[in-house]
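Enquirer: query_31.tsv is the file, holding TSV, C-alpha atoms and all ligand atoms:
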```
chain	number	residue	atom	x	y	z
Z	1	MET	CA	100.10	73.22	0.76
Z	2	PRO	CA	98.74	75.26	-2.15
Z	3	PHE	CA	100.96	78.01	-3.39
Z	4	THR	CA	98.60	80.86	-2.42
Z	5	LEU	CA	98.35	79.56	1.12
Z	6	LEU	CA	102.14	79.40	1.42
Z	7	LYS	CA	102.36	82.95	0.18
Z	8	MET	CA	99.75	84.00	2.72
Z	9	ILE	CA	101.69	82.50	5.58
Z	10	ASP	CA	104.83	84.28	4.42
Z	11	LYS	CA	102.86	87.50	4.30
Z	12	ILE	CA	101.65	86.99	7.86
Z	13	LYS	CA	105.22	86.43	9.02
Z	14	GLU	CA	106.16	89.65	7.32
Z	15	TYR	CA	103.37	91.45	9.18
Z	16	ILE	CA	104.58	89.96	12.47
Z	17	GLY	CA	108.03	91.33	11.69
Z	18	GLU	CA	106.51	94.72	10.92
Z	19	ALA	CA	104.57	94.72	14.18
Z	20	GLU	CA	107.62	93.78	16.22
Z	21	HIS	CA	109.72	96.52	14.69
Z	22	PHE	CA	107.07	99.20	14.76
Z	23	GLN	CA	108.04	102.16	16.93
Z	24	THR	CA	106.65	105.66	17.37
Z	25	ASP	CA	106.07	108.30	20.00
Z	26	ASN	CA	103.34	109.88	18.01
Z	27	LYS	CA	99.69	109.22	18.85
Z	28	GLU	CA	98.44	109.62	15.26
Z	29	GLN	CA	100.99	107.18	13.90
Z	30	LEU	CA	100.08	104.64	16.53
Z	31	GLU	CA	96.41	105.07	15.69
Z	32	ALA	CA	97.13	104.56	11.98
Z	33	PHE	CA	99.02	101.37	12.84
Z	34	ARG	CA	96.13	100.14	14.98
Z	35	ILE	CA	93.57	100.89	12.27
Z	36	LYS	CA	95.68	99.18	9.63
Z	37	PHE	CA	95.59	95.89	11.54
Z	38	LEU	CA	92.79	95.91	14.07
Z	39	SER	CA	89.93	97.95	12.61
Z	40	LYS	CA	86.84	96.41	11.06
Z	41	LYS	CA	88.30	96.57	7.60
Z	42	GLY	CA	91.82	95.96	8.86
Z	43	ILE	CA	94.26	93.22	7.86
Z	44	LEU	CA	93.40	90.89	10.71
Z	45	ASN	CA	89.73	90.77	9.85
Z	46	GLU	CA	90.63	90.11	6.24
Z	47	LEU	CA	92.84	87.24	7.36
Z	48	PHE	CA	90.13	85.80	9.58
Z	49	ALA	CA	87.72	85.96	6.65
Z	50	TYR	CA	90.26	84.15	4.49
Z	51	PHE	CA	90.75	81.60	7.28
Z	52	LYS	CA	87.23	80.31	6.68
Z	53	THR	CA	88.18	79.24	3.15
Z	54	VAL	CA	91.32	77.39	4.26
Z	55	PRO	CA	91.08	73.56	3.94
Z	56	ASN	CA	90.59	71.88	7.31
Z	57	ASP	CA	93.95	70.10	7.44
Z	58	GLN	CA	95.81	73.40	7.10
Z	59	LYS	CA	93.62	75.45	9.42
Z	60	LYS	CA	95.85	74.76	12.42
Z	61	GLU	CA	99.03	76.22	10.97
Z	62	PHE	CA	97.27	79.16	9.41
Z	63	GLY	CA	95.24	79.87	12.53
Z	64	GLN	CA	98.32	79.87	14.76
Z	65	ALA	CA	100.06	82.35	12.45
Z	66	ILE	CA	97.10	84.75	12.55
Z	67	ASN	CA	96.86	84.51	16.34
Z	68	THR	CA	100.55	85.23	16.75
Z	69	LEU	CA	100.16	88.28	14.55
Z	70	LYS	CA	97.10	89.42	16.47
Z	71	SER	CA	98.77	89.26	19.88
Z	72	ALA	CA	101.96	90.88	18.49
Z	73	ILE	CA	99.93	93.84	17.27
Z	74	GLU	CA	97.89	94.13	20.44
Z	75	THR	CA	100.92	94.03	22.71
Z	76	LYS	CA	102.67	96.61	20.57
Z	77	VAL	CA	99.74	99.04	20.59
Z	78	LYS	CA	99.38	98.70	24.36
Z	79	THR	CA	103.08	99.24	25.13
Z	80	ILE	CA	103.41	102.27	22.90
Z	81	GLN	CA	100.19	103.76	24.31
Z	82	GLU	CA	101.57	103.46	27.83
Z	83	GLU	CA	104.87	105.02	26.81
Z	84	ILE	CA	103.14	108.00	25.23
Z	85	GLU	CA	100.89	108.51	28.24
Z	86	SER	CA	103.74	108.46	30.74
Z	87	LYS	CA	105.59	111.01	28.62
Z	88	ASN	CA	102.49	113.23	28.57
Z	89	VAL	CA	102.27	113.16	32.34
Z	90	GLN	CA	105.91	114.18	32.59
Z	91	GLY	CA	105.36	116.92	30.05
Z	92	LEU	CA	102.39	118.30	31.94
Z	93	TYR	CA	103.66	118.10	35.47
Z	94	GLY	CA	107.40	118.01	35.09
Z	95	ASP	CA	109.27	115.99	37.66
Z	96	LEU	CA	106.65	114.29	39.78
Z	97	THR	CA	109.06	113.63	42.62
Z	98	ARG	CA	109.90	117.31	43.04
Z	99	PRO	CA	108.70	118.85	46.35
Z	100	GLY	CA	105.48	120.87	45.97
Z	101	TYR	CA	105.16	124.64	46.15
Z	102	PRO	CA	104.01	125.81	49.59
Z	103	THR	CA	100.34	126.90	49.52
Z	104	SER	CA	99.26	129.83	51.57
Z	105	ILE	CA	96.47	128.74	53.93
Z	106	GLY	CA	95.26	132.23	54.77
Z	107	SER	CA	94.40	133.43	58.24
Z	108	ARG	CA	91.41	134.18	60.39
Z	109	HIS	CA	90.05	137.70	60.31
Z	110	PRO	CA	90.84	139.63	63.50
Z	111	ILE	CA	87.10	140.13	64.11
Z	112	SER	CA	86.62	136.35	64.04
Z	113	LEU	CA	89.61	135.81	66.31
Z	114	VAL	CA	88.26	138.16	68.94
Z	115	LYS	CA	84.70	136.89	68.55
Z	116	ASN	CA	85.86	133.29	69.02
Z	117	GLN	CA	87.79	134.24	72.13
Z	118	ILE	CA	84.75	135.95	73.66
Z	119	VAL	CA	82.49	133.06	72.70
Z	120	ASP	CA	84.91	130.49	74.18
Z	121	ILE	CA	85.04	132.30	77.50
Z	122	PHE	CA	81.26	132.47	77.86
Z	123	ASN	CA	80.83	128.92	76.60
Z	124	SER	CA	83.10	127.76	79.37
Z	125	ILE	CA	80.65	129.12	81.95
Z	126	GLY	CA	77.57	127.62	80.34
Z	127	PHE	CA	76.36	130.22	77.83
Z	128	THR	CA	75.00	128.85	74.56
Z	129	ILE	CA	75.28	130.70	71.25
Z	130	SER	CA	72.19	132.11	69.56
Z	131	GLU	CA	71.76	133.89	66.26
Z	132	GLY	CA	69.05	135.89	64.56
Z	133	PRO	CA	68.28	137.71	61.31
Z	134	GLU	CA	70.19	140.81	60.23
Z	135	ILE	CA	67.03	142.29	58.72
Z	136	GLU	CA	64.84	142.68	61.77
Z	137	ASP	CA	61.34	143.89	62.51
Z	138	ASP	CA	60.56	146.87	64.69
Z	139	TRP	CA	59.22	144.64	67.46
Z	140	HIS	CA	62.39	142.65	68.08
Z	141	ASN	CA	64.82	145.50	67.49
Z	142	PHE	CA	62.93	148.16	69.46
Z	143	SER	CA	59.43	147.67	70.87
Z	144	ALA	CA	59.98	144.36	72.69
Z	145	LEU	CA	63.12	145.91	74.17
Z	146	ASN	CA	61.13	148.71	75.77
Z	147	PHE	CA	62.15	151.49	73.38
Z	148	PRO	CA	59.47	154.15	73.73
Z	149	ASP	CA	58.00	155.23	70.39
Z	150	TYR	CA	59.71	158.60	70.58
Z	151	HIS	CA	63.16	157.24	71.46
Z	152	PRO	CA	65.87	158.91	69.35
Z	153	ALA	CA	67.39	155.50	68.42
Z	154	ARG	CA	64.39	155.00	66.17
Z	155	ASP	CA	65.26	158.14	64.31
Z	156	MET	CA	66.20	157.77	60.66
Z	157	GLN	CA	69.68	159.06	61.57
Z	158	ASP	CA	70.56	155.90	63.43
Z	159	SER	CA	68.85	153.08	61.60
Z	160	PHE	CA	68.73	151.80	58.07
Z	161	PHE	CA	65.09	151.09	57.32
Z	162	VAL	CA	63.84	148.90	54.52
Z	163	GLN	CA	62.40	151.36	52.01
Z	164	SER	CA	59.45	149.26	50.92
Z	165	ASN	CA	58.53	148.35	54.50
Z	166	PRO	CA	59.64	150.75	57.25
Z	167	GLN	CA	58.53	148.21	59.86
Z	168	HIS	CA	61.72	146.38	58.91
Z	169	LEU	CA	65.27	147.57	59.38
Z	170	LEU	CA	68.86	146.34	59.54
Z	171	ARG	CA	69.23	145.47	63.20
Z	172	THR	CA	71.01	148.17	65.16
Z	173	HIS	CA	72.14	145.79	67.90
Z	174	THR	CA	72.15	142.07	68.64
Z	175	SER	CA	69.76	142.62	71.56
Z	176	SER	CA	67.11	141.73	68.97
Z	177	VAL	CA	68.36	138.14	69.11
Z	178	GLN	CA	67.78	138.12	72.84
Z	179	ALA	CA	64.19	139.24	72.42
Z	180	ARG	CA	63.71	136.33	70.02
Z	181	TYR	CA	65.50	133.91	72.33
Z	182	MET	CA	63.31	134.86	75.28
Z	183	GLU	CA	60.17	134.39	73.18
Z	184	ASP	CA	61.27	130.94	72.04
Z	185	HIS	CA	62.80	129.49	75.23
Z	186	LYS	CA	61.75	128.97	78.82
Z	187	PRO	CA	64.07	130.16	81.62
Z	188	PRO	CA	66.64	129.49	82.94
Z	189	LEU	CA	68.40	131.08	79.94
Z	190	ARG	CA	72.08	131.63	79.40
Z	191	THR	CA	73.05	132.68	75.91
Z	192	ILE	CA	75.33	134.97	73.96
Z	193	SER	CA	74.58	136.36	70.52
Z	194	PRO	CA	77.47	137.40	68.32
Z	195	GLY	CA	76.60	139.13	65.07
Z	196	ARG	CA	76.77	141.97	62.60
Z	197	VAL	CA	74.87	145.18	63.27
Z	198	PHE	CA	74.19	148.32	61.25
Z	199	ARG	CA	73.88	151.97	62.14
Z	200	ASN	CA	73.50	154.98	59.93
Z	201	GLU	CA	76.69	156.65	61.07
Z	202	ASP	CA	79.40	158.54	59.24
Z	203	ILE	CA	82.38	156.39	58.44
Z	204	SER	CA	85.58	157.51	60.13
Z	205	SER	CA	88.63	155.97	61.74
Z	206	ARG	CA	86.61	155.39	64.93
Z	207	SER	CA	83.15	154.43	63.66
Z	208	HIS	CA	81.57	152.55	60.81
Z	209	CYS	CA	78.03	151.89	59.63
Z	210	ILE	CA	78.61	148.14	59.91
Z	211	PHE	CA	80.19	146.55	62.94
Z	212	HIS	CA	79.93	143.51	65.21
Z	213	GLN	CA	78.63	142.92	68.68
Z	214	VAL	CA	78.41	140.15	71.19
Z	215	GLU	CA	75.54	140.35	73.62
Z	216	GLY	CA	74.89	138.17	76.63
Z	217	LEU	CA	71.68	137.30	78.44
Z	218	TYR	CA	71.12	135.46	81.70
Z	219	ILE	CA	67.62	134.85	83.07
Z	220	ASP	CA	66.78	132.74	86.10
Z	221	LYS	CA	65.19	133.00	89.54
Z	222	ASP	CA	66.97	135.43	91.88
Z	223	VAL	CA	69.62	136.72	89.46
Z	224	SER	CA	71.18	139.78	91.02
Z	225	PHE	CA	73.41	142.68	90.04
Z	226	ALA	CA	76.22	140.94	91.96
Z	227	ASP	CA	75.93	137.97	89.56
Z	228	LEU	CA	76.29	140.39	86.66
Z	229	LYS	CA	79.36	142.01	88.13
Z	230	GLN	CA	81.07	138.71	88.90
Z	231	THR	CA	80.34	137.33	85.45
Z	232	LEU	CA	81.85	140.40	83.82
Z	233	LEU	CA	84.83	140.33	86.14
Z	234	TYR	CA	85.47	136.72	85.18
Z	235	PHE	CA	85.24	137.70	81.53
Z	236	THR	CA	87.66	140.64	81.76
Z	237	LYS	CA	90.18	138.51	83.65
Z	238	GLU	CA	90.05	135.81	80.99
Z	239	MET	CA	89.95	138.15	78.03
Z	240	PHE	CA	92.35	140.92	79.00
Z	241	GLY	CA	94.14	139.55	82.03
Z	242	LYS	CA	92.85	142.58	83.96
Z	243	SER	CA	91.13	142.11	87.27
Z	244	LYS	CA	89.77	145.55	88.10
Z	245	ILE	CA	86.49	146.80	86.68
Z	246	ARG	CA	84.06	149.53	87.57
Z	247	LEU	CA	80.42	150.00	86.68
Z	248	ARG	CA	79.23	153.52	85.93
Z	249	PRO	CA	75.50	154.33	85.91
Z	250	SER	CA	74.11	154.64	82.41
Z	251	TYR	CA	70.88	154.31	80.46
Z	252	PHE	CA	69.52	151.67	78.10
Z	253	PRO	CA	65.78	151.30	77.50
Z	254	PHE	CA	65.94	147.53	78.02
Z	255	THR	CA	67.87	147.40	81.30
Z	256	GLU	CA	67.20	148.92	84.70
Z	257	PRO	CA	69.53	149.73	86.35
Z	258	SER	CA	72.01	150.11	83.49
Z	259	ALA	CA	75.74	150.59	83.55
Z	260	GLU	CA	78.83	151.09	81.43
Z	261	VAL	CA	81.68	148.73	82.23
Z	262	ASP	CA	85.20	150.14	82.43
Z	263	ILE	CA	88.28	148.03	82.92
Z	264	TYR	CA	91.40	149.32	84.58
Z	265	TRP	CA	93.91	149.12	81.78
Z	266	GLY	CA	96.78	150.77	83.64
Z	267	LEU	CA	99.15	153.59	82.78
Z	268	LYS	CA	102.45	151.87	82.20
Z	269	THR	CA	103.22	152.94	78.66
Z	270	GLU	CA	102.67	155.92	76.45
Z	271	VAL	CA	100.08	153.90	74.50
Z	272	ASP	CA	98.18	153.28	77.77
Z	273	TYR	CA	98.01	157.03	78.30
Z	274	ARG	CA	96.76	157.59	74.78
Z	275	ILE	CA	94.05	154.94	74.70
Z	276	THR	CA	92.76	155.67	78.20
Z	277	LYS	CA	93.04	159.43	77.73
Z	278	GLY	CA	95.32	159.58	80.74
Z	279	THR	CA	92.81	158.01	83.14
Z	280	GLY	CA	93.93	154.39	83.03
Z	281	TRP	CA	90.27	153.35	82.57
Z	282	LEU	CA	88.74	152.03	79.39
Z	283	GLU	CA	85.08	151.61	78.57
Z	284	ILE	CA	84.36	148.21	77.04
Z	285	MET	CA	80.66	147.45	77.26
Z	286	GLY	CA	77.15	148.26	78.36
Z	287	CYS	CA	75.13	146.15	80.76
Z	288	GLY	CA	72.26	146.06	83.20
Z	289	MET	CA	69.43	144.11	84.78
Z	290	VAL	CA	66.83	143.19	82.18
Z	291	ASP	CA	63.88	145.59	82.52
Z	292	PRO	CA	60.76	143.72	83.77
Z	293	ASN	CA	58.84	145.25	80.82
Z	294	VAL	CA	61.15	143.37	78.44
Z	295	LEU	CA	60.54	140.09	80.25
Z	296	THR	CA	56.79	140.65	80.09
Z	297	ASN	CA	56.97	141.58	76.38
Z	298	CYS	CA	58.76	138.29	75.74
Z	299	ASN	CA	56.30	136.16	77.74
Z	300	ILE	CA	58.49	135.63	80.80
Z	301	ASP	CA	56.91	136.12	84.23
Z	302	ALA	CA	58.71	139.16	85.66
Z	303	ASN	CA	57.57	138.33	89.19
Z	304	GLU	CA	59.25	134.97	89.09
Z	305	TYR	CA	62.34	135.69	87.02
Z	306	SER	CA	65.04	138.32	86.76
Z	307	GLY	CA	68.20	138.54	84.72
Z	308	PHE	CA	71.04	140.57	83.33
Z	309	ALA	CA	72.25	141.50	79.87
Z	310	PHE	CA	75.43	142.99	78.50
Z	311	GLY	CA	76.71	143.94	75.09
Z	312	MET	CA	80.06	144.85	73.61
Z	313	GLY	CA	81.49	145.90	70.25
Z	314	ILE	CA	83.95	143.41	68.80
Z	315	GLU	CA	85.83	145.97	66.67
Z	316	ARG	CA	86.52	148.12	69.69
Z	317	ILE	CA	88.05	145.20	71.57
Z	318	ALA	CA	90.04	144.03	68.54
Z	319	MET	CA	91.40	147.55	68.05
Z	320	LEU	CA	92.45	147.57	71.65
Z	321	LEU	CA	94.09	144.15	71.66
Z	322	TYR	CA	95.88	144.50	68.33
Z	323	GLN	CA	96.48	148.26	68.54
Z	324	ILE	CA	94.65	149.00	65.31
Z	325	SER	CA	94.07	152.71	64.91
Z	326	ASP	CA	91.56	152.76	62.06
Z	327	ILE	CA	88.33	150.73	62.14
Z	328	ARG	CA	88.11	150.81	58.33
Z	329	MET	CA	91.05	148.39	58.14
Z	330	PHE	CA	88.70	145.58	59.18
Z	331	TYR	CA	86.54	145.87	56.10
Z	332	GLU	CA	89.00	146.70	53.33
Z	333	ASN	CA	90.39	143.17	53.00
Z	334	ASP	CA	93.91	144.38	52.36
Z	335	VAL	CA	95.99	141.20	52.50
Z	336	ARG	CA	98.94	143.07	53.98
Z	337	PHE	CA	96.74	143.88	56.97
Z	338	LEU	CA	95.07	140.47	57.22
Z	339	GLU	CA	98.32	138.51	56.89
Z	340	GLN	CA	99.52	139.93	60.18
Z	341	PHE	CA	97.06	137.72	62.04
Z	342	LYS	CA	98.42	134.48	60.64
Z	343	SER	CA	100.21	133.40	63.79
Z	344	ASN	CA	96.92	133.60	65.64
Z	345	PHE	CA	95.25	131.05	63.40
Z	401	LIG	N1	72.49	146.93	72.96
Z	401	LIG	C1	73.40	147.87	73.57
Z	401	LIG	C2	74.15	148.58	72.45
Z	401	LIG	O1	74.00	148.23	71.32
Z	401	LIG	C3	74.41	147.19	74.47
Z	401	LIG	C4	73.78	146.58	75.67
Z	401	LIG	C5	73.37	145.28	75.63
Z	401	LIG	C6	73.59	147.30	76.83
Z	401	LIG	C7	72.78	144.70	76.73
Z	401	LIG	C8	73.02	146.73	77.92
Z	401	LIG	C9	72.62	145.42	77.88
Z	401	LIG	O2	74.86	149.52	72.69
```
Show me, as C-alpha cells, the structure contained in the file I just sent.
Ligand code: PHE
Expert:
Amino acid sequence: MPFTLLKMIDKIKEYIGEAEHFQTDNKEQLEAFRIKFLSKKGILNELFAYFKTVPNDQKKEFGQAINTLKSAIETKVKTIQEEIESKNVQGLYGDLTRPGYPTSIGSRHPISLVKNQIVDIFNSIGFTISEGPEIEDDWHNFSALNFPDYHPARDMQDSFFVQSNPQHLLRTHTSSVQARYMEDHKPPLRTISPGRVFRNEDISSRSHCIFHQVEGLYIDKDVSFADLKQTLLYFTKEMFGKSKIRLRPSYFPFTEPSAEVDIYWGLKTEVDYRITKGTGWLEIMGCGMVDPNVLTNCNIDANEYSGFAFGMGIERIAMLLYQISDIRMFYENDVRFLEQFKSNF
C-alpha cells in the first residue's frame, strides 16, 4: 500500500478515536463537531472525494475505514443531542414526576345557578327555551304586547332608546321574546325565555339598570287561570320547597286578568321577618292570562286559543335564596363574592 494511503488510514483511525472520545453538554460545541465532520466541506466529504482516487484493490479497506468513522460521528452527534435535550426539559420544567399545582376551575355565577334551576323545573314539565335580541323594536317590546301609546312604560325614564333610531330600544322585559315566539310558532306553545333586560333606573342596593328575567308562556285550547295557578304552585314547590301561594290582582297591559304571585315564606327566623316585612308573604313574580289583543297581534286566533304568561326577576330570587343584600354584588365580579358559589357548581 502506498505510503500516503497508509498515512490516510492512520488519520482516519485517529478521527475515529476523536469521535469516540468527544464529549460536551454544549450545543454550540456539538454543532462545531458536526460541521467539522459532516458538513459539505467537512472531513468526511473530503475523504469520500479522496476515495475515488484510491486504486481498486485498496478501495475495500479504505472504504470500510471511512464508513466506520461516519457511523461513529453520527452516533455521537445523536447521543449528545438527546442528552442535551433531556437536560433542557428538566431545566425548563423541573422534576417531571412532581405532582401538579391545583388549578382553580372557577364557579358558576349565582345568576346562572338560579336561572338554570328555574329552566330545569320548567323543562321538566315540557317548556322549551326561547331567546331573542337584547336590542328590540317598539313592536315586540311594547305595541304587540298591547301597551297603549301613552303608557308610562314607554316614557324615556324607563327605557333606554337607541339614539339614532328611537323605534329601537334595549328590551325592558323578556316578554318581547314571547311576542316573537308567538309570531313564529303555531300553538300549542309552551316556552320560557330567560334573558337580560334593561331599565333606566337609578342604581341602588335594591335595583339596577341591568337585570335578568325568566318569562313563561303557555298557549293552547282551553287554558284556564286554574292551569296557571297549578303551574306556578308546582314551580314554587320545586324551587323554594314552599307550597302556599296567593295571587293578588294586578295590572299588566299584556295580560287580563293579571296578578302578582306571593309565596308564603314563613316567619320562623328574624331574617324571615325582615325579608317579608313581618307579613310572612313574599312577592316573586307577575302573571296573568294572555290578553286576546296580544294573541291577535301575533297572528293567533283568540277565539280558538287562550293562554297564560308569567315573569320573574332572577336577581330577586337569587338574593332571596343566597341572602344577598346588595344587587350590585352580582355585577362587580369580585372574586371573593363569586367564590362563595363554588360548592354549587
Ligand atoms: N313582563 C313583566 C315585567 O317585566 C312580567 C310579566 C310577565 C307579567 C308575564 C305578567 C306576565 O314585569
Enquirer: Need to verify the contact set: Glu260 in chain Z, 8 Å, only C-alpha atoms, exclusion of same-chain residues closer than 3 positions in sequence. Can you return it as a list in words?
Expert: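 Returned residues: Leu247, Arg248, Pro249, Ser250, Glu283, Ile284, Met285, Gly286 and Cys287 of chain Z.
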Enquirer: Next, dump the selected residues to file, keeping only C-alpha atoms, as an mmCIF file, in the coordinates of the input.
Expert:
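Result file follows (part.cif):
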```cif
data_model
loop_
_atom_site.group_PDB
_atom_site.id
_atom_site.type_symbol
_atom_site.label_atom_id
_atom_site.label_comp_id
_atom_site.auth_asym_id
_atom_site.auth_seq_id
_atom_site.Cartn_x
_atom_site.Cartn_y
_atom_site.Cartn_z
ATOM 1 C CA LEU Z 247 80.420 150.000 86.680
ATOM 2 C CA ARG Z 248 79.230 153.520 85.930
ATOM 3 C CA PRO Z 249 75.500 154.330 85.910
ATOM 4 C CA SER Z 250 74.110 154.640 82.410
ATOM 5 C CA GLU Z 283 85.080 151.610 78.570
ATOM 6 C CA ILE Z 284 84.360 148.210 77.040
ATOM 7 C CA MET Z 285 80.660 147.450 77.260
ATOM 8 C CA GLY Z 286 77.150 148.260 78.360
ATOM 9 C CA CYS Z 287 75.130 146.150 80.760
#
```
Enquirer: Within 8 Å of range 217-239 of chain Z, which residues of range 63-165 of chain Z come that close, and what is the closest atom pair and distance in Å for each? Count only C-alpha atoms and give it as CSV.
Expert:
```
residue,atom,partner,partner_atom,distance
Z:Gln117,CA,Z:Met239,CA,7.4
Z:Ile118,CA,Z:Met239,CA,7.1
Z:Ile121,CA,Z:Phe235,CA,6.7
Z:Phe122,CA,Z:Phe235,CA,7.5
```
Enquirer: Just the selected residues (C-alpha atoms), exported as an mmCIF file, in the coordinates of the input, please.
Expert:
```
data_model
loop_
_atom_site.group_PDB
_atom_site.id
_atom_site.type_symbol
_atom_site.label_atom_id
_atom_site.label_comp_id
_atom_site.auth_asym_id
_atom_site.auth_seq_id
_atom_site.Cartn_x
_atom_site.Cartn_y
_atom_site.Cartn_z
ATOM 1 C CA GLN Z 117 87.790 134.240 72.130
ATOM 2 C CA ILE Z 118 84.750 135.950 73.660
ATOM 3 C CA ILE Z 121 85.040 132.300 77.500
ATOM 4 C CA PHE Z 122 81.260 132.470 77.860
#
```
Enquirer: Hey, which residues sit close to ligand LIG 401 (chain Z)? Say within 9 Å, counting all atoms listed in the file, and write them as an mmCIF file with C-alpha atoms, in the frame of the given file.
Expert:
```cif
data_model
loop_
_atom_site.group_PDB
_atom_site.id
_atom_site.type_symbol
_atom_site.label_atom_id
_atom_site.label_comp_id
_atom_site.auth_asym_id
_atom_site.auth_seq_id
_atom_site.Cartn_x
_atom_site.Cartn_y
_atom_site.Cartn_z
ATOM 1 C CA THR Z 172 71.010 148.170 65.160
ATOM 2 C CA HIS Z 173 72.140 145.790 67.900
ATOM 3 C CA THR Z 174 72.150 142.070 68.640
ATOM 4 C CA SER Z 175 69.760 142.620 71.560
ATOM 5 C CA SER Z 176 67.110 141.730 68.970
ATOM 6 C CA VAL Z 197 74.870 145.180 63.270
ATOM 7 C CA GLN Z 213 78.630 142.920 68.680
ATOM 8 C CA VAL Z 214 78.410 140.150 71.190
ATOM 9 C CA GLU Z 215 75.540 140.350 73.620
ATOM 10 C CA GLY Z 216 74.890 138.170 76.630
ATOM 11 C CA LEU Z 217 71.680 137.300 78.440
ATOM 12 C CA TYR Z 251 70.880 154.310 80.460
ATOM 13 C CA PHE Z 252 69.520 151.670 78.100
ATOM 14 C CA PRO Z 253 65.780 151.300 77.500
ATOM 15 C CA PHE Z 254 65.940 147.530 78.020
ATOM 16 C CA THR Z 255 67.870 147.400 81.300
ATOM 17 C CA SER Z 258 72.010 150.110 83.490
ATOM 18 C CA ALA Z 259 75.740 150.590 83.550
ATOM 19 C CA GLU Z 260 78.830 151.090 81.430
ATOM 20 C CA MET Z 285 80.660 147.450 77.260
ATOM 21 C CA GLY Z 286 77.150 148.260 78.360
ATOM 22 C CA CYS Z 287 75.130 146.150 80.760
ATOM 23 C CA GLY Z 288 72.260 146.060 83.200
ATOM 24 C CA MET Z 289 69.430 144.110 84.780
ATOM 25 C CA VAL Z 290 66.830 143.190 82.180
ATOM 26 C CA PHE Z 308 71.040 140.570 83.330
ATOM 27 C CA ALA Z 309 72.250 141.500 79.870
ATOM 28 C CA PHE Z 310 75.430 142.990 78.500
ATOM 29 C CA GLY Z 311 76.710 143.940 75.090
ATOM 30 C CA MET Z 312 80.060 144.850 73.610
ATOM 31 C CA GLY Z 313 81.490 145.900 70.250
#
```
Enquirer: Nearest residue to Pro257 in chain Z out of Z:Asp291, Z:Arg336, Z:Ile129, Z:Ile84, using all atoms listed in the file?
Expert: Z:Asp291
Enquirer: Can you measure CA of Glu315 in chain Z to CA of Arg328 in chain Z for me? One decimal in Å is fine.
Expert: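 These two atoms are separated by 9.9 Å.
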Enquirer: Expressed in Å to a single decimal, how great is the separation between CA of Arg171 in chain Z and CA of Asn116 in chain Z?
Expert: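 Between these atoms lies a distance of 21.4 Å.
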Enquirer: Which one of Z:Phe142, Z:Phe337, Z:Phe211, Z:Phe240 sits closest to Asp155 in chain Z if you count only C-alpha atoms?
Expert: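 The closest residue to Asp155 in chain Z is Z:Phe142.
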Enquirer: Could you work out how far CA of Ile275 in chain Z lies from CA of Leu338 in chain Z, giving the answer in Å with one decimal?
Expert: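 Answer for the CA of Leu338 in chain Z to CA of Ile275 in chain Z separation: 22.7 Å.
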Enquirer: Taking all atoms listed in the file into account, which of Z:Leu38, Z:Leu44, Z:Ala65, Z:Ile300 comes nearest Ala179 in chain Z?
Expert: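 For Ala179 in chain Z, the nearest of the candidates is Z:Ile300.
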Enquirer: Taking (97.1, 152.2, 85.6) in the file's own coordinates, collect the residues within 10 Å, counting all atoms listed in the file, and hand them back as a list of chain:residue names.
Expert: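 So the residues meeting the distance criterion are Z:Tyr264, Z:Trp265, Z:Gly266, Z:Leu267, Z:Lys268, Z:Thr269, Z:Asp272, Z:Tyr273, Z:Thr276, Z:Gly278, Z:Thr279, Z:Gly280, Z:Trp281.
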Enquirer: Box time for range 101-119 of chain Z: axis-aligned, enclosing all its listed atoms, 6 Å extra on each side; report centre and edge lengths in Å to one decimal, as AutoDock Vina command-line options.
Expert:
```
--center_x 93.8 --center_y 132.4 --center_z 59.9 --size_x 34.7 --size_y 27.5 --size_z 39.5
```
